[in-house]
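Asks: This one is work-v3.cif, mmCIF, C-alpha atoms.
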```
data_protein
#
loop_
_atom_site.label_atom_id
_atom_site.label_comp_id
_atom_site.auth_asym_id
_atom_site.auth_seq_id
_atom_site.Cartn_x
_atom_site.Cartn_y
_atom_site.Cartn_z
CA MET X 1 -0.37 20.21 30.29
CA THR X 2 3.17 19.62 29.06
CA GLN X 3 3.76 17.63 25.90
CA SER X 4 5.57 14.81 27.73
CA ARG X 5 2.80 14.52 30.35
CA SER X 6 0.20 14.44 27.56
CA ALA X 7 2.10 11.68 25.74
CA ALA X 8 2.41 9.68 28.95
CA ARG X 9 -1.31 10.16 29.57
CA LEU X 10 -2.14 8.58 26.20
CA ALA X 11 0.48 5.84 26.49
CA ARG X 12 -0.50 4.85 30.03
CA PRO X 13 -4.12 5.88 30.62
CA ALA X 14 -5.06 6.00 34.28
CA SER X 15 -8.67 7.10 33.88
CA LEU X 16 -11.46 7.33 31.34
CA ASP X 17 -10.39 10.88 30.44
CA ASP X 18 -6.97 9.52 29.40
CA LEU X 19 -8.30 7.00 26.85
CA LEU X 20 -7.81 7.99 23.22
CA LEU X 21 -11.17 6.61 22.09
CA TYR X 22 -12.99 8.45 24.87
CA ARG X 23 -11.28 11.73 24.01
CA LEU X 24 -11.98 11.31 20.30
CA GLY X 25 -15.55 10.37 21.13
CA ARG X 26 -16.01 13.58 23.12
CA ILE X 27 -14.71 15.66 20.21
CA PHE X 28 -16.99 13.77 17.84
CA SER X 29 -19.94 14.20 20.18
CA VAL X 30 -19.58 17.98 20.27
CA ALA X 31 -18.54 18.65 16.66
CA GLY X 32 -20.64 15.81 15.27
CA SER X 33 -23.76 17.22 16.89
CA MET X 34 -23.24 20.42 14.89
CA VAL X 35 -23.12 18.36 11.68
CA ILE X 36 -26.21 16.41 12.74
CA ARG X 37 -28.11 19.66 13.42
CA LEU X 38 -27.15 20.93 9.96
CA CYS X 39 -28.10 17.64 8.29
CA GLU X 40 -31.40 17.15 10.05
CA GLY X 41 -32.43 20.74 10.74
CA ARG X 42 -31.49 22.42 7.50
CA PHE X 43 -31.35 19.62 4.94
CA GLY X 44 -33.76 16.96 6.25
CA ILE X 45 -31.26 14.11 6.06
CA THR X 46 -29.56 11.91 8.63
CA ARG X 47 -25.82 11.82 9.28
CA ARG X 48 -25.71 8.38 7.62
CA GLU X 49 -27.50 9.72 4.55
CA TRP X 50 -25.01 12.61 4.47
CA ARG X 51 -22.14 10.13 4.45
CA LEU X 52 -23.64 8.32 1.46
CA ILE X 53 -24.35 11.57 -0.39
CA ALA X 54 -20.75 12.69 0.13
CA LEU X 55 -19.41 9.37 -1.16
CA LEU X 56 -21.69 9.40 -4.20
CA ALA X 57 -20.73 13.00 -4.94
CA ARG X 58 -17.16 11.79 -5.25
CA GLU X 59 -17.96 8.55 -7.07
CA ASP X 60 -21.33 8.05 -8.73
CA GLY X 61 -22.27 4.60 -9.97
CA LEU X 62 -21.35 2.54 -6.93
CA LEU X 63 -23.18 -0.65 -6.07
CA SER X 64 -24.88 -0.74 -2.68
CA SER X 65 -22.25 -3.18 -1.38
CA GLN X 66 -19.42 -0.89 -2.55
CA LEU X 67 -21.08 2.10 -0.92
CA ALA X 68 -21.48 0.17 2.35
CA GLU X 69 -17.80 -0.79 2.32
CA ARG X 70 -16.59 2.76 1.60
CA ALA X 71 -18.93 4.21 4.23
CA GLY X 72 -17.90 1.67 6.86
CA LEU X 73 -21.52 0.61 7.36
CA ASP X 74 -23.22 -2.76 7.27
CA ARG X 75 -25.31 -3.55 4.22
CA ALA X 76 -28.65 -3.41 6.04
CA ARG X 77 -28.08 0.13 7.33
CA THR X 78 -26.76 1.20 3.96
CA SER X 79 -29.81 -0.27 2.23
CA ARG X 80 -32.18 1.59 4.58
CA ALA X 81 -30.31 4.86 4.02
CA ILE X 82 -30.35 4.35 0.25
CA THR X 83 -34.09 3.64 0.30
CA SER X 84 -34.59 6.85 2.27
CA LEU X 85 -32.43 8.89 -0.12
CA VAL X 86 -34.33 7.48 -3.11
CA GLY X 87 -37.61 8.31 -1.37
CA LYS X 88 -36.40 11.88 -0.79
CA LYS X 89 -35.42 12.04 -4.48
CA LEU X 90 -31.78 12.72 -3.58
CA ALA X 91 -30.46 9.50 -5.13
CA LEU X 92 -31.61 7.00 -7.69
CA ARG X 93 -30.96 3.40 -8.50
CA VAL X 94 -29.80 2.73 -12.05
CA VAL X 95 -30.53 -0.89 -12.97
CA GLY X 96 -27.84 -2.60 -15.03
CA GLN X 97 -28.70 -3.69 -18.55
CA ASP X 98 -26.64 -6.89 -18.30
CA ASP X 99 -27.67 -7.87 -14.78
CA ARG X 100 -30.95 -6.34 -13.63
CA ARG X 101 -30.31 -7.55 -10.07
CA GLN X 102 -27.49 -5.05 -9.69
CA ALA X 103 -28.38 -1.40 -9.37
CA ARG X 104 -25.79 1.33 -9.35
CA LEU X 105 -26.45 4.44 -7.32
CA ALA X 106 -26.27 8.03 -8.42
CA LEU X 107 -27.17 11.39 -6.96
CA THR X 108 -30.03 13.31 -8.48
CA PRO X 109 -29.60 17.03 -9.18
CA ALA X 110 -31.31 17.63 -5.81
CA GLY X 111 -28.79 15.31 -4.12
CA ARG X 112 -25.91 17.18 -5.76
CA LYS X 113 -27.41 20.45 -4.54
CA VAL X 114 -27.54 19.15 -0.97
CA PHE X 115 -23.89 18.14 -1.25
CA SER X 116 -22.79 21.45 -2.73
CA GLU X 117 -24.56 23.40 0.03
CA LEU X 118 -23.75 21.15 2.99
CA PHE X 119 -20.13 20.27 2.29
CA PRO X 120 -18.80 23.84 2.75
CA LEU X 121 -20.61 24.06 6.10
CA VAL X 122 -19.12 20.78 7.31
CA ARG X 123 -15.72 21.85 5.98
CA ASP X 124 -16.01 25.05 8.06
CA ILE X 125 -16.67 23.00 11.20
CA ASN X 126 -13.62 20.89 10.34
CA ARG X 127 -11.49 24.00 9.85
CA GLY X 128 -12.70 25.38 13.16
CA LEU X 129 -11.56 22.21 14.93
CA ILE X 130 -7.99 22.54 13.70
CA ALA X 131 -7.81 26.35 13.77
CA GLU X 132 -5.63 26.40 16.89
CA LEU X 133 -3.05 24.03 15.43
CA ALA X 134 0.07 25.17 13.62
CA PRO X 135 0.49 23.85 10.05
CA ARG X 136 3.12 21.35 11.20
CA GLU X 137 0.74 20.11 13.91
CA VAL X 138 -2.02 19.67 11.32
CA ALA X 139 0.36 17.66 9.12
CA GLY X 140 1.41 15.59 12.13
CA LEU X 141 -2.20 15.00 13.13
CA ASP X 142 -3.07 13.92 9.59
CA ALA X 143 -0.17 11.45 9.53
CA ALA X 144 -1.03 10.17 13.00
CA LEU X 145 -4.68 9.65 12.07
CA ALA X 146 -3.69 7.72 8.94
CA SER X 147 -1.35 5.55 10.98
CA MET X 148 -3.98 4.94 13.66
CA GLN X 149 -6.59 4.03 11.02
CA THR X 150 -4.22 1.46 9.54
CA ARG X 151 -3.55 0.06 13.00
CA ALA X 152 -7.26 0.02 13.91
CA ASP X 153 -8.05 -1.87 10.70
CA PHE X 154 -5.33 -4.40 11.57
CA LEU X 155 -6.54 -4.80 15.17
CA ALA X 156 -10.15 -5.25 14.05
CA ALA X 157 -9.15 -7.87 11.47
CA HIS X 158 -7.22 -9.86 14.07
CA ALA X 159 -9.42 -9.36 17.14
CA ASP X 160 -10.93 -12.41 18.80
CA LEU X 161 -13.92 -10.77 20.43
CA PRO X 162 -17.41 -12.07 21.18
CA LYS X 163 -20.29 -10.68 19.17
CA ALA X 164 -22.28 -8.01 20.97
CA ASN X 165 -25.87 -8.74 21.86
CA ARG X 166 -27.39 -5.25 21.84
CA ARG X 167 -30.86 -6.54 22.67
CA ARG X 168 -29.63 -7.83 26.01
CA GLY X 169 -27.16 -5.05 26.74
CA GLY X 170 -24.01 -6.98 25.91
CA ARG X 171 -22.85 -10.53 26.30
CA THR X 172 -25.29 -12.99 27.75
CA ARG X 173 -25.23 -13.57 31.48
CA ALA X 174 -24.34 -17.23 31.02
CA GLN X 175 -21.14 -16.20 29.25
CA THR X 176 -20.18 -13.56 31.81
CA GLY X 177 -20.57 -15.76 34.81
#
```
So that I can check it, write out the structure of this file as structure tokens.

Replies:
Amino acid sequence: MTQSRSAARLARPASLDDLLLYRLGRIFSVAGSMVIRLCEGRFGITRREWRLIALLAREDGLLSSQLAERAGLDRARTSRAITSLVGKKLALRVVGQDDRRQARLALTPAGRKVFSELFPLVRDINRGLIAELAPREVAGLDAALASMQTRADFLAAHADLPKANRRRGGRTRAQTG
């Protein structure tokens, strides 16, 4: 496919296969499943737990709410993942001396070991994804992804969308007609 046709395809999608989110989702589905198999099959953790481990490896001592924000997860899911990591002895809660209601999170030596073994494997998957790109294409992709993330954050902050009702498969029938 020529570069101009590809750009037109993204700018004016005519089918599901032309939608950026669908295409990114397909990449994530394939490559993400490799990460999930590593996490679950080799390390006994979920993808969500991996995300928290990776964040804590970079910045120990976060509060649960800070970890949720950095991970892009809601607090309930983050809390469940933290409880699981603590139960697996990969993380621990450090209760504050001034305010015992606030507990900071830290990786245990076992949690650091999981990170140090798993991160290179995930990095190799990442490298494999961009292996066919020239260095200038990688730099362009990085810049484009940063720009799209900024735009997505803006769109999400200003969107006027109904809340999803996952128990009923979407919006209620009364609302949809």

Asks: Residues at most 12 Å from stretch 71-85 of chain X, counting only C-alpha atoms, excluding those fewer than 2 positions away in the same chain, as a PyMOL selection string?

Replies: chain X and resi 43-56+62-69+87-93+103-108+110-112+114+153

Asks: Take atom CA of X:Leu129 and atom CA of X:Ile27 and report the distance between them in Å, one decimal.

Replies: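 That distance, rounded to one decimal, is 9.0 Å.
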
Asks: Which residues are close to X:Val30, i.e. within 12 Å by all atoms listed in the file, leaving aside same-chain residues fewer than 6 positions away? Reply as a list in words.

Replies: Arg23, Leu24, Ile36, Arg37, Ile125, Asn126 and Leu129 of chain X

Asks: Of the candidates X:Ala156, X:Ala7, X:Ala164, X:Leu121, which shows the shortest atom-to-atom distance to X:Leu20, using all atoms listed in the file?

Replies: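 Of the candidates, the smallest distance to X:Leu20 is held by X:Ala7.
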
Asks: How big is the axis-aligned box, and where does its centre sit, when it encloses all atoms of stretch 52-59 of chain X listed in the file and has 4 Å added on every side, reported in Å to one decimal as JSON?

Replies:
```
{"center_x": -20.8, "center_y": 10.7, "center_z": -2.8, "size_x": 15.2, "size_y": 12.7, "size_z": 16.5}
```
